[in-house]
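Asks: run.txt is the file, holding compact mmCIF, C-alpha atoms:
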# COMPACT_ATOMS: atom_id res chain seq x y z
CA MET A 1 -13.16 -31.53 6.83
CA GLU A 2 -16.38 -30.26 8.39
CA CYS A 3 -16.47 -26.54 9.04
CA LYS A 4 -16.89 -25.74 12.72
CA THR A 5 -17.19 -21.98 12.65
CA ASN A 6 -18.57 -19.29 10.34
CA ILE A 7 -16.54 -16.11 9.95
CA LEU A 8 -17.64 -12.90 8.25
CA LEU A 9 -14.82 -10.90 6.72
CA ILE A 10 -15.79 -7.22 6.44
CA TYR A 11 -13.70 -5.10 4.07
CA THR A 12 -14.01 -1.36 4.75
CA GLY A 13 -10.96 -0.20 2.80
CA GLY A 14 -7.28 0.34 3.44
CA THR A 15 -3.94 -0.87 2.08
CA ILE A 16 -4.65 -4.52 2.90
CA GLY A 17 -7.38 -4.61 0.27
CA MET A 18 -5.23 -3.39 -2.59
CA VAL A 19 -3.30 -5.34 -5.25
CA LYS A 20 -0.97 -4.06 -7.93
CA ASP A 21 -2.13 -4.07 -11.53
CA TYR A 22 1.11 -5.20 -13.11
CA LYS A 23 0.23 -3.70 -16.50
CA SER A 24 -0.37 -0.18 -15.22
CA GLY A 25 1.56 -0.34 -11.93
CA ALA A 26 -1.45 1.19 -10.15
CA LEU A 27 -3.03 -0.18 -6.98
CA VAL A 28 -6.55 -1.51 -7.48
CA ALA A 29 -9.12 -2.93 -5.04
CA PHE A 30 -8.82 -6.64 -4.31
CA ASN A 31 -11.82 -8.83 -5.18
CA PHE A 32 -12.68 -10.44 -1.85
CA ASP A 33 -15.17 -12.78 -3.55
CA GLU A 34 -12.07 -14.57 -4.87
CA LEU A 35 -10.36 -14.67 -1.49
CA LEU A 36 -9.78 -18.44 -1.33
CA LYS A 37 -8.52 -18.51 -4.90
CA ASN A 38 -5.91 -15.84 -4.14
CA ILE A 39 -5.00 -17.03 -0.64
CA PRO A 40 -5.36 -20.84 -0.76
CA GLU A 41 -3.76 -21.14 2.71
CA LEU A 42 -7.13 -20.08 4.16
CA ARG A 43 -8.53 -23.49 3.17
CA GLN A 44 -6.47 -25.00 5.99
CA LEU A 45 -8.52 -23.14 8.59
CA LYS A 46 -11.45 -25.06 10.07
CA CYS A 47 -14.05 -22.49 9.14
CA LYS A 48 -16.28 -21.13 6.43
CA ILE A 49 -15.45 -17.57 5.39
CA ASP A 50 -18.01 -15.23 3.86
CA THR A 51 -17.16 -11.72 2.77
CA PHE A 52 -18.87 -8.35 2.93
CA SER A 53 -17.33 -5.34 1.17
CA PHE A 54 -18.42 -1.75 1.43
CA GLU A 55 -19.49 -0.57 -2.02
CA LYS A 56 -16.95 2.24 -1.96
CA PRO A 57 -13.73 1.49 -0.02
CA ILE A 58 -13.11 4.04 2.76
CA ASP A 59 -9.63 5.50 3.06
CA SER A 60 -9.04 5.37 6.80
CA SER A 61 -8.18 9.09 6.82
CA ASN A 62 -11.81 9.70 5.85
CA MET A 63 -13.22 7.42 8.58
CA ASN A 64 -15.89 9.10 10.70
CA PRO A 65 -18.67 8.18 13.19
CA SER A 66 -21.20 7.50 10.41
CA HIS A 67 -18.87 4.81 9.06
CA TRP A 68 -18.54 3.31 12.56
CA VAL A 69 -22.33 3.06 12.67
CA SER A 70 -22.34 1.32 9.25
CA ILE A 71 -19.75 -1.24 10.43
CA ALA A 72 -21.69 -1.84 13.67
CA GLU A 73 -24.90 -2.34 11.64
CA VAL A 74 -23.24 -5.02 9.51
CA ILE A 75 -22.23 -6.88 12.68
CA GLU A 76 -25.69 -6.40 14.18
CA GLU A 77 -27.40 -7.74 11.05
CA HIS A 78 -25.18 -10.85 10.88
CA TYR A 79 -24.50 -11.39 14.59
CA ASP A 80 -26.57 -14.56 15.01
CA LYS A 81 -25.35 -16.17 11.78
CA TYR A 82 -21.59 -15.90 12.40
CA ASP A 83 -19.25 -17.02 15.15
CA GLY A 84 -16.76 -14.21 14.61
CA PHE A 85 -16.00 -11.10 12.57
CA VAL A 86 -12.78 -9.85 11.00
CA ILE A 87 -12.72 -6.21 9.86
CA LEU A 88 -10.15 -5.11 7.28
CA HIS A 89 -9.36 -1.45 7.82
CA GLY A 90 -6.72 1.16 7.03
CA SER A 91 -4.16 1.39 9.81
CA ASP A 92 -4.12 5.18 10.29
CA THR A 93 -7.42 5.35 12.19
CA MET A 94 -7.80 1.69 13.16
CA SER A 95 -7.34 2.41 16.90
CA TYR A 96 -10.14 4.99 16.77
CA THR A 97 -12.51 2.59 14.99
CA GLY A 98 -11.63 -0.27 17.32
CA SER A 99 -12.21 1.92 20.37
CA ALA A 100 -15.53 3.23 19.06
CA LEU A 101 -16.81 -0.27 18.22
CA SER A 102 -15.83 -1.56 21.66
CA TYR A 103 -18.32 0.90 23.22
CA MET A 104 -20.99 0.55 20.53
CA LEU A 105 -21.12 -3.27 20.71
CA GLU A 106 -22.49 -3.76 24.20
CA ASN A 107 -22.49 -7.26 25.76
CA LEU A 108 -20.39 -8.61 22.88
CA ARG A 109 -19.69 -12.33 23.27
CA LYS A 110 -17.98 -13.00 19.96
CA PRO A 111 -14.64 -11.94 18.48
CA VAL A 112 -14.53 -8.77 16.40
CA ILE A 113 -10.95 -8.49 15.13
CA LEU A 114 -9.62 -5.51 13.20
CA THR A 115 -6.56 -5.94 11.03
CA GLY A 116 -4.81 -4.32 8.10
CA SER A 117 -1.34 -4.03 6.66
CA GLN A 118 1.49 -1.67 5.84
CA LEU A 119 1.91 -3.14 2.32
CA PRO A 120 -0.78 -4.23 -0.18
CA ILE A 121 -1.86 -7.87 -0.24
CA GLY A 122 -0.23 -8.51 -3.64
CA ASP A 123 3.24 -7.15 -2.77
CA LEU A 124 6.13 -9.59 -2.58
CA ARG A 125 7.08 -8.71 1.03
CA THR A 126 3.58 -7.93 2.24
CA ASP A 127 2.50 -8.27 5.87
CA ALA A 128 -1.12 -8.52 4.70
CA LYS A 129 -1.37 -12.29 4.30
CA GLU A 130 -0.05 -13.12 7.76
CA ASN A 131 -2.21 -10.47 9.42
CA LEU A 132 -5.32 -11.65 7.56
CA ILE A 133 -4.79 -15.39 8.04
CA THR A 134 -3.97 -15.13 11.76
CA ALA A 135 -6.78 -12.64 12.48
CA ILE A 136 -9.24 -15.13 10.96
CA GLU A 137 -7.69 -18.03 12.89
CA ILE A 138 -7.98 -16.07 16.17
CA ALA A 139 -11.65 -15.42 15.38
CA THR A 140 -12.21 -19.19 15.14
CA LEU A 141 -10.54 -20.11 18.46
CA LYS A 142 -12.67 -21.69 21.16
CA GLU A 143 -12.24 -22.12 24.91
CA GLY A 144 -14.54 -25.06 25.55
CA ASP A 145 -17.83 -24.14 23.87
CA GLU A 146 -17.16 -20.40 24.08
CA PRO A 147 -15.15 -18.16 21.74
CA ALA A 148 -11.66 -17.59 23.19
CA ILE A 149 -11.95 -13.85 22.37
CA GLN A 150 -15.19 -12.04 23.22
CA GLU A 151 -14.25 -8.43 22.59
CA VAL A 152 -13.03 -6.01 19.93
CA GLY A 153 -9.40 -6.80 19.22
CA LEU A 154 -6.73 -5.45 16.90
CA TYR A 155 -4.28 -7.88 15.31
CA PHE A 156 -1.05 -6.66 13.75
CA GLU A 157 2.38 -8.24 13.28
CA TYR A 158 2.07 -11.33 15.48
CA LYS A 159 0.15 -9.67 18.33
CA LEU A 160 -3.51 -9.35 19.24
CA TYR A 161 -4.31 -6.32 21.40
CA ARG A 162 -7.46 -5.02 23.04
CA ALA A 163 -8.44 -2.49 20.38
CA ASN A 164 -9.34 0.29 22.83
CA ARG A 165 -5.85 0.06 24.37
CA THR A 166 -3.93 0.58 21.13
CA THR A 167 -2.11 3.44 19.45
CA LYS A 168 -0.44 3.51 16.05
CA ILE A 169 3.23 4.28 16.60
CA SER A 170 4.90 3.71 13.22
CA ALA A 171 4.11 4.52 9.60
CA GLU A 172 7.24 2.63 8.51
CA HIS A 173 7.56 -0.63 10.45
CA PHE A 174 5.38 -3.73 10.27
CA GLU A 175 5.03 -3.42 14.08
CA ALA A 176 2.74 -0.44 13.59
CA PHE A 177 0.78 -0.63 16.85
CA THR A 178 1.46 -0.84 20.55
CA SER A 179 -0.49 -1.18 23.78
CA LEU A 180 1.75 0.28 26.46
CA ASN A 181 -0.74 0.18 29.32
CA TYR A 182 -2.19 -3.29 28.79
CA PRO A 183 -0.62 -6.63 27.82
CA GLU A 184 -1.37 -8.29 24.48
CA LEU A 185 -4.31 -10.70 24.44
CA ALA A 186 -2.54 -13.21 22.19
CA GLU A 187 0.79 -13.75 20.47
CA SER A 188 1.43 -15.62 17.26
CA GLY A 189 4.67 -17.60 17.12
CA VAL A 190 5.25 -21.29 16.52
CA HIS A 191 2.09 -21.62 18.63
CA LEU A 192 -0.84 -19.24 18.90
CA LYS A 193 -0.90 -18.36 22.59
CA ILE A 194 -3.93 -16.71 24.23
CA ASN A 195 -3.25 -14.86 27.49
CA LYS A 196 -6.41 -16.07 29.18
CA ASP A 197 -6.02 -13.87 32.27
CA ASP A 198 -6.07 -10.70 30.18
CA VAL A 199 -9.07 -11.24 27.89
CA PHE A 200 -12.34 -9.40 28.53
CA ARG A 201 -15.35 -11.30 29.84
CA ILE A 202 -18.95 -10.33 30.64
CA PHE A 203 -20.38 -12.23 33.59
CA HIS A 204 -24.00 -11.09 33.36
CA GLY A 205 -26.66 -12.44 31.02
CA ASP A 206 -27.69 -9.24 29.21
CA SER A 207 -28.24 -9.60 25.47
CA PHE A 208 -26.09 -8.14 22.70
CA ASN A 209 -27.00 -4.54 21.96
CA VAL A 210 -25.69 -2.11 19.34
CA HIS A 211 -25.55 1.62 20.14
CA LYS A 212 -25.63 3.84 17.08
CA LYS A 213 -25.87 7.35 18.52
CA LEU A 214 -22.57 9.19 18.84
CA ASP A 215 -22.15 12.91 19.56
CA ASP A 216 -19.13 14.39 17.79
CA ASN A 217 -19.22 17.82 19.51
CA VAL A 218 -15.84 17.01 21.03
CA ALA A 219 -12.26 18.20 20.61
CA ILE A 220 -8.68 17.32 21.55
CA LEU A 221 -6.27 19.94 22.86
CA LYS A 222 -2.63 19.06 23.36
CA ILE A 223 -1.01 21.31 25.96
CA PHE A 224 2.37 22.68 24.89
CA PRO A 225 4.82 25.35 26.09
CA GLY A 226 3.63 28.54 24.40
CA LEU A 227 -0.09 27.73 24.31
CA ASN A 228 -1.54 31.23 24.56
CA HIS A 229 -4.72 32.65 26.03
CA ASN A 230 -6.37 33.45 22.69
CA VAL A 231 -5.93 29.92 21.36
CA LEU A 232 -7.28 28.29 24.54
CA LYS A 233 -10.20 30.71 24.71
CA GLY A 234 -11.00 30.17 21.03
CA ILE A 235 -11.16 26.41 21.47
CA LEU A 236 -13.18 26.48 24.69
CA GLU A 237 -15.69 28.87 23.08
CA ILE A 238 -16.39 26.70 20.02
CA PRO A 239 -20.20 26.78 19.55
CA GLY A 240 -21.81 23.50 20.63
CA LEU A 241 -18.65 22.07 22.20
CA LYS A 242 -19.58 19.50 24.86
CA ALA A 243 -16.32 17.77 25.81
CA ILE A 244 -12.61 18.28 25.37
CA ILE A 245 -9.76 15.81 25.78
CA LEU A 246 -6.98 17.81 27.42
CA GLU A 247 -3.66 16.12 26.64
CA THR A 248 -1.52 17.20 29.58
CA TYR A 249 2.13 16.65 30.52
CA GLY A 250 3.37 13.57 32.34
CA ALA A 251 1.05 12.40 35.11
CA GLY A 252 -1.65 14.97 34.23
CA ASN A 253 0.14 18.27 34.75
CA ALA A 254 -0.73 21.61 33.15
CA SER A 255 0.01 25.31 33.49
CA THR A 256 -0.92 27.04 36.73
CA GLU A 257 -1.12 30.44 34.99
CA GLU A 258 -4.17 32.35 36.22
CA TRP A 259 -5.69 32.79 32.74
CA PHE A 260 -5.41 29.05 32.02
CA VAL A 261 -7.01 28.00 35.31
CA ASN A 262 -9.79 30.61 35.00
CA ASP A 263 -10.68 29.60 31.41
CA VAL A 264 -10.89 25.92 32.33
CA LYS A 265 -13.08 26.82 35.35
CA LYS A 266 -15.41 28.88 33.15
CA ALA A 267 -15.70 26.06 30.62
CA ILE A 268 -16.63 23.53 33.33
CA LYS A 269 -19.18 25.99 34.74
CA LYS A 270 -20.70 26.22 31.24
CA GLY A 271 -21.14 22.45 31.24
CA ILE A 272 -18.19 21.47 29.05
CA HIS A 273 -16.63 18.20 30.18
CA ILE A 274 -12.83 18.52 30.51
CA ILE A 275 -11.02 15.17 30.46
CA ASN A 276 -7.41 14.96 31.60
CA VAL A 277 -5.37 12.46 29.53
CA THR A 278 -1.58 12.21 29.49
CA GLN A 279 0.13 13.04 26.22
CA CYS A 280 2.76 10.39 27.03
CA SER A 281 2.41 7.16 25.02
CA GLY A 282 2.29 5.12 28.22
CA GLY A 283 1.52 5.78 31.86
CA SER A 284 -1.39 7.27 33.71
CA VAL A 285 -2.86 10.54 34.94
CA SER A 286 -2.46 10.96 38.70
CA MET A 287 -4.06 14.30 39.55
CA GLY A 288 -2.86 15.90 42.75
CA LYS A 289 0.50 14.13 42.68
CA TYR A 290 2.21 17.37 41.66
CA GLU A 291 1.27 20.98 42.39
CA THR A 292 0.70 21.53 38.65
CA SER A 293 -2.27 19.14 38.65
CA GLN A 294 -3.81 20.06 42.02
CA GLU A 295 -5.80 22.93 40.49
CA LEU A 296 -7.31 20.57 37.89
CA GLN A 297 -8.25 18.09 40.60
CA GLU A 298 -9.91 20.79 42.71
CA MET A 299 -11.94 21.92 39.67
CA GLN A 300 -13.29 18.39 39.27
CA VAL A 301 -11.61 17.89 35.90
CA ILE A 302 -12.34 14.31 34.77
CA ASN A 303 -9.51 11.85 35.43
CA GLY A 304 -8.67 9.93 32.24
CA LYS A 305 -6.31 7.63 34.20
CA ASP A 306 -4.41 5.40 31.72
CA ILE A 307 -6.85 5.68 28.78
CA THR A 308 -5.48 6.38 25.29
CA THR A 309 -6.51 9.53 23.45
CA GLU A 310 -8.23 7.36 20.81
CA ALA A 311 -10.29 5.55 23.45
CA ALA A 312 -11.00 8.81 25.30
CA ILE A 313 -12.38 10.75 22.33
CA THR A 314 -14.62 7.87 21.20
CA LYS A 315 -15.78 7.22 24.78
CA ALA A 316 -16.77 10.89 25.07
CA MET A 317 -18.78 10.62 21.82
CA TYR A 318 -20.45 7.44 23.09
CA ILE A 319 -21.39 8.77 26.54
CA LEU A 320 -22.65 12.09 25.14
CA GLY A 321 -24.79 10.18 22.65
CA HIS A 322 -26.81 8.36 25.30
CA ASP A 323 -29.55 9.73 27.54
CA LYS A 324 -28.79 6.93 30.02
CA TYR A 325 -25.59 8.75 31.02
CA HIS A 326 -27.06 12.27 31.04
CA GLY A 327 -25.91 14.27 34.04
CA GLU A 328 -23.41 11.62 35.14
CA PHE A 329 -20.74 12.02 32.49
CA LYS A 330 -17.86 12.21 35.00
CA LYS A 331 -18.98 9.10 36.88
CA TYR A 332 -19.28 6.99 33.75
CA PHE A 333 -16.16 8.31 32.06
CA GLU A 334 -14.01 7.52 35.10
CA SER A 335 -15.37 3.95 35.17
CA SER A 336 -14.06 1.23 32.89
CA MET A 337 -16.78 0.18 30.44
CA ARG A 338 -14.96 -2.20 28.08
CA GLY A 339 -11.58 -2.67 29.74
CA GLU A 340 -10.28 0.60 28.26
CA MET A 341 -8.81 1.88 31.54
CA HIS A 342 -7.72 0.70 34.97
Let me see whether you can do it: turn the structure in this file into structure tokens.
Replies:
Amino acid sequence: MECKTNILLIYTGGTIGMVKDYKSGALVAFNFDELLKNIPELRQLKCKIDTFSFEKPIDSSNMNPSHWVSIAEVIEEHYDKYDGFVILHGSDTMSYTGSALSYMLENLRKPVILTGSQLPIGDLRTDAKENLITAIEIATLKEGDEPAIQEVGLYFEYKLYRANRTTKISAEHFEAFTSLNYPELAESGVHLKINKDDVFRIFHGDSFNVHKKLDDNVAILKIFPGLNHNVLKGILEIPGLKAIILETYGAGNASTEEWFVNDVKKAIKKGIHIINVTQCSGGSVSMGKYETSQELQEMQVINGKDITTEAAITKAMYILGHDKYHGEFKKYFESSMRGEMH
């Protein structure tokens, strides 16, 4: 059967790329050059699959912005040659990588699907084969002459999500990810169903562009009962700090203690961008709804709305890394760039 699409499978590291050496019992890296030999089911897909493996597999706990740039460069280099990309990645930081890539790959019109697994590909009860096969199949899907998915997605356990809407919620279950503030883009059952109304589309003709400059002078601070003045002051006075994701209670609420309010005011005056994100798994910031968020609203703290922490921290790195957004951080952060917030 004639191949209709070309897919590039990019292996960065992670559990999905490991197999058990039955002599030693140790986990060793899978040889992706022998992919079709080991997973013959892939031959049933109407596509040609090429593979690209990073020379040294990256444990996802070691993932950092320089690795995101390397992944984006692989896509940039091969963008015209392939119809879609599937990235194999460790699950622990997959939502961060997916969020970062969604910003970095501007005017993307092809599928970039991240997937991984909770068990190695060679295990008897592994989730790796289903995740890999379906992620590749999704990358081949067409809607007329166009790819059905034209954004960075994350596929795990029968569901495709918008990557910048996801959070890892379980280290134990195969259903490791969720997207509480946005519906899934596709669901794999007896049929593979795309939710056409929810997929991301670009309606202007600008060309694909890869942004490689990220500024990691950012931090996350989760508010908690007992957060004291010294800790807050120490964080806000970190040399070079440019932005902080403030994980607040509920709909964006925080302490109204004088020292807390004054320190946040001073930080904003110094030019540090304070972004209000709820520490709840789902829901949205609604500043001013309660008295405990009115002070933040009056100080012009940035409203993170329903963005995830993963999407917020990578968005801050992306905006800070670009001169185009200089001086208008708040305006751009509060606007949806890649469907990451309402």
Asks: Pick out the closest residue to Phe30 of chain A from this set: A:Met63, A:Met94, A:Val190, A:Ile121. Count all atoms listed in the file.
Replies: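 Selected residue with least distance to Phe30 of chain A: A:Ile121.
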Asks: Report, in Å to a single decimal, how far apart atom CA of Leu221 of chain A and atom CA of Ser286 of chain A are.
Replies: 18.6 Å
Asks: A:Pro65, A:Gly282, A:Pro57, A:Gly122: which is nearest Thr178 of chain A, counting all atoms listed in the file?
Replies: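 Using all atoms listed in the file, the shortest distance to Thr178 of chain A belongs to A:Gly282.
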Asks: Which residues of segment 140-214 of chain A have any atom within 12 Å of an atom in segment 5-29 of chain A when counting only C-alpha atoms, and what is the closest pair of atoms for each, with the distance in Å to one decimal? Order the rows by chain and rising number and write it as CSV.
Replies:
residue,atom,partner,partner_atom,distance
A:Thr140,CA,A:Thr5,CA,6.2
A:Leu141,CA,A:Thr5,CA,9.0
A:Lys142,CA,A:Thr5,CA,9.6
A:Asp145,CA,A:Thr5,CA,11.4
A:Glu146,CA,A:Thr5,CA,11.5
A:Pro147,CA,A:Thr5,CA,10.1
A:Phe156,CA,A:Ile16,CA,11.6
Asks: Tell me which protein, DNA and RNA residues are within 12 Å of Thr248 of chain A, counting only C-alpha atoms, leaving out same-chain ones fewer than 4 positions away, and put them as a ChimeraX atom specification.
Replies: /A:220-225,227,244,252-255,274-281,284-287,292-293,296,301,303-305,309
Asks: Could you rebuild segment 285-296 of chain A with N, CA, C and O atoms and give me the result as a JSON list (two decimals), keeping the file's coordinate frame?
Replies:
[["chain", "number", "residue", "atom", "x", "y", "z"],
["A", 285, "VAL", "N", -2.62, 9.27, 34.26],
["A", 285, "VAL", "CA", -2.86, 10.54, 34.94],
["A", 285, "VAL", "C", -3.01, 10.26, 36.44],
["A", 285, "VAL", "O", -3.67, 9.31, 36.84],
["A", 286, "SER", "N", -2.35, 11.08, 37.25],
["A", 286, "SER", "CA", -2.46, 10.96, 38.70],
["A", 286, "SER", "C", -2.61, 12.37, 39.26],
["A", 286, "SER", "O", -1.65, 12.99, 39.74],
["A", 287, "MET", "N", -3.83, 12.90, 39.16],
["A", 287, "MET", "CA", -4.06, 14.30, 39.55],
["A", 287, "MET", "C", -3.84, 14.50, 41.04],
["A", 287, "MET", "O", -4.27, 13.68, 41.85],
["A", 288, "GLY", "N", -3.16, 15.59, 41.35],
["A", 288, "GLY", "CA", -2.86, 15.90, 42.75],
["A", 288, "GLY", "C", -1.47, 15.44, 43.17],
["A", 288, "GLY", "O", -0.98, 15.83, 44.22],
["A", 289, "LYS", "N", -0.84, 14.64, 42.35],
["A", 289, "LYS", "CA", 0.50, 14.13, 42.68],
["A", 289, "LYS", "C", 1.50, 15.28, 42.70],
["A", 289, "LYS", "O", 2.39, 15.33, 43.54],
["A", 290, "TYR", "N", 1.35, 16.20, 41.72],
["A", 290, "TYR", "CA", 2.21, 17.37, 41.66],
["A", 290, "TYR", "C", 1.35, 18.63, 41.79],
["A", 290, "TYR", "O", 0.15, 18.62, 41.47],
["A", 291, "GLU", "N", 1.98, 19.71, 42.21],
["A", 291, "GLU", "CA", 1.27, 20.98, 42.39],
["A", 291, "GLU", "C", 0.59, 21.43, 41.09],
["A", 291, "GLU", "O", -0.49, 22.02, 41.11],
["A", 292, "THR", "N", 1.23, 21.09, 39.94],
["A", 292, "THR", "CA", 0.70, 21.53, 38.65],
["A", 292, "THR", "C", -0.55, 20.77, 38.20],
["A", 292, "THR", "O", -1.11, 21.05, 37.15],
["A", 293, "SER", "N", -0.99, 19.79, 38.98],
["A", 293, "SER", "CA", -2.27, 19.14, 38.65],
["A", 293, "SER", "C", -3.30, 19.27, 39.77],
["A", 293, "SER", "O", -4.43, 18.84, 39.63],
["A", 294, "GLN", "N", -2.89, 19.91, 40.88],
["A", 294, "GLN", "CA", -3.81, 20.06, 42.02],
["A", 294, "GLN", "C", -4.99, 20.95, 41.67],
["A", 294, "GLN", "O", -6.13, 20.66, 42.04],
["A", 295, "GLU", "N", -4.72, 22.02, 40.91],
["A", 295, "GLU", "CA", -5.80, 22.93, 40.49],
["A", 295, "GLU", "C", -6.85, 22.18, 39.67],
["A", 295, "GLU", "O", -8.05, 22.36, 39.86],
["A", 296, "LEU", "N", -6.39, 21.33, 38.75],
["A", 296, "LEU", "CA", -7.31, 20.57, 37.89],
["A", 296, "LEU", "C", -8.16, 19.62, 38.74],
["A", 296, "LEU", "O", -9.36, 19.47, 38.50]]
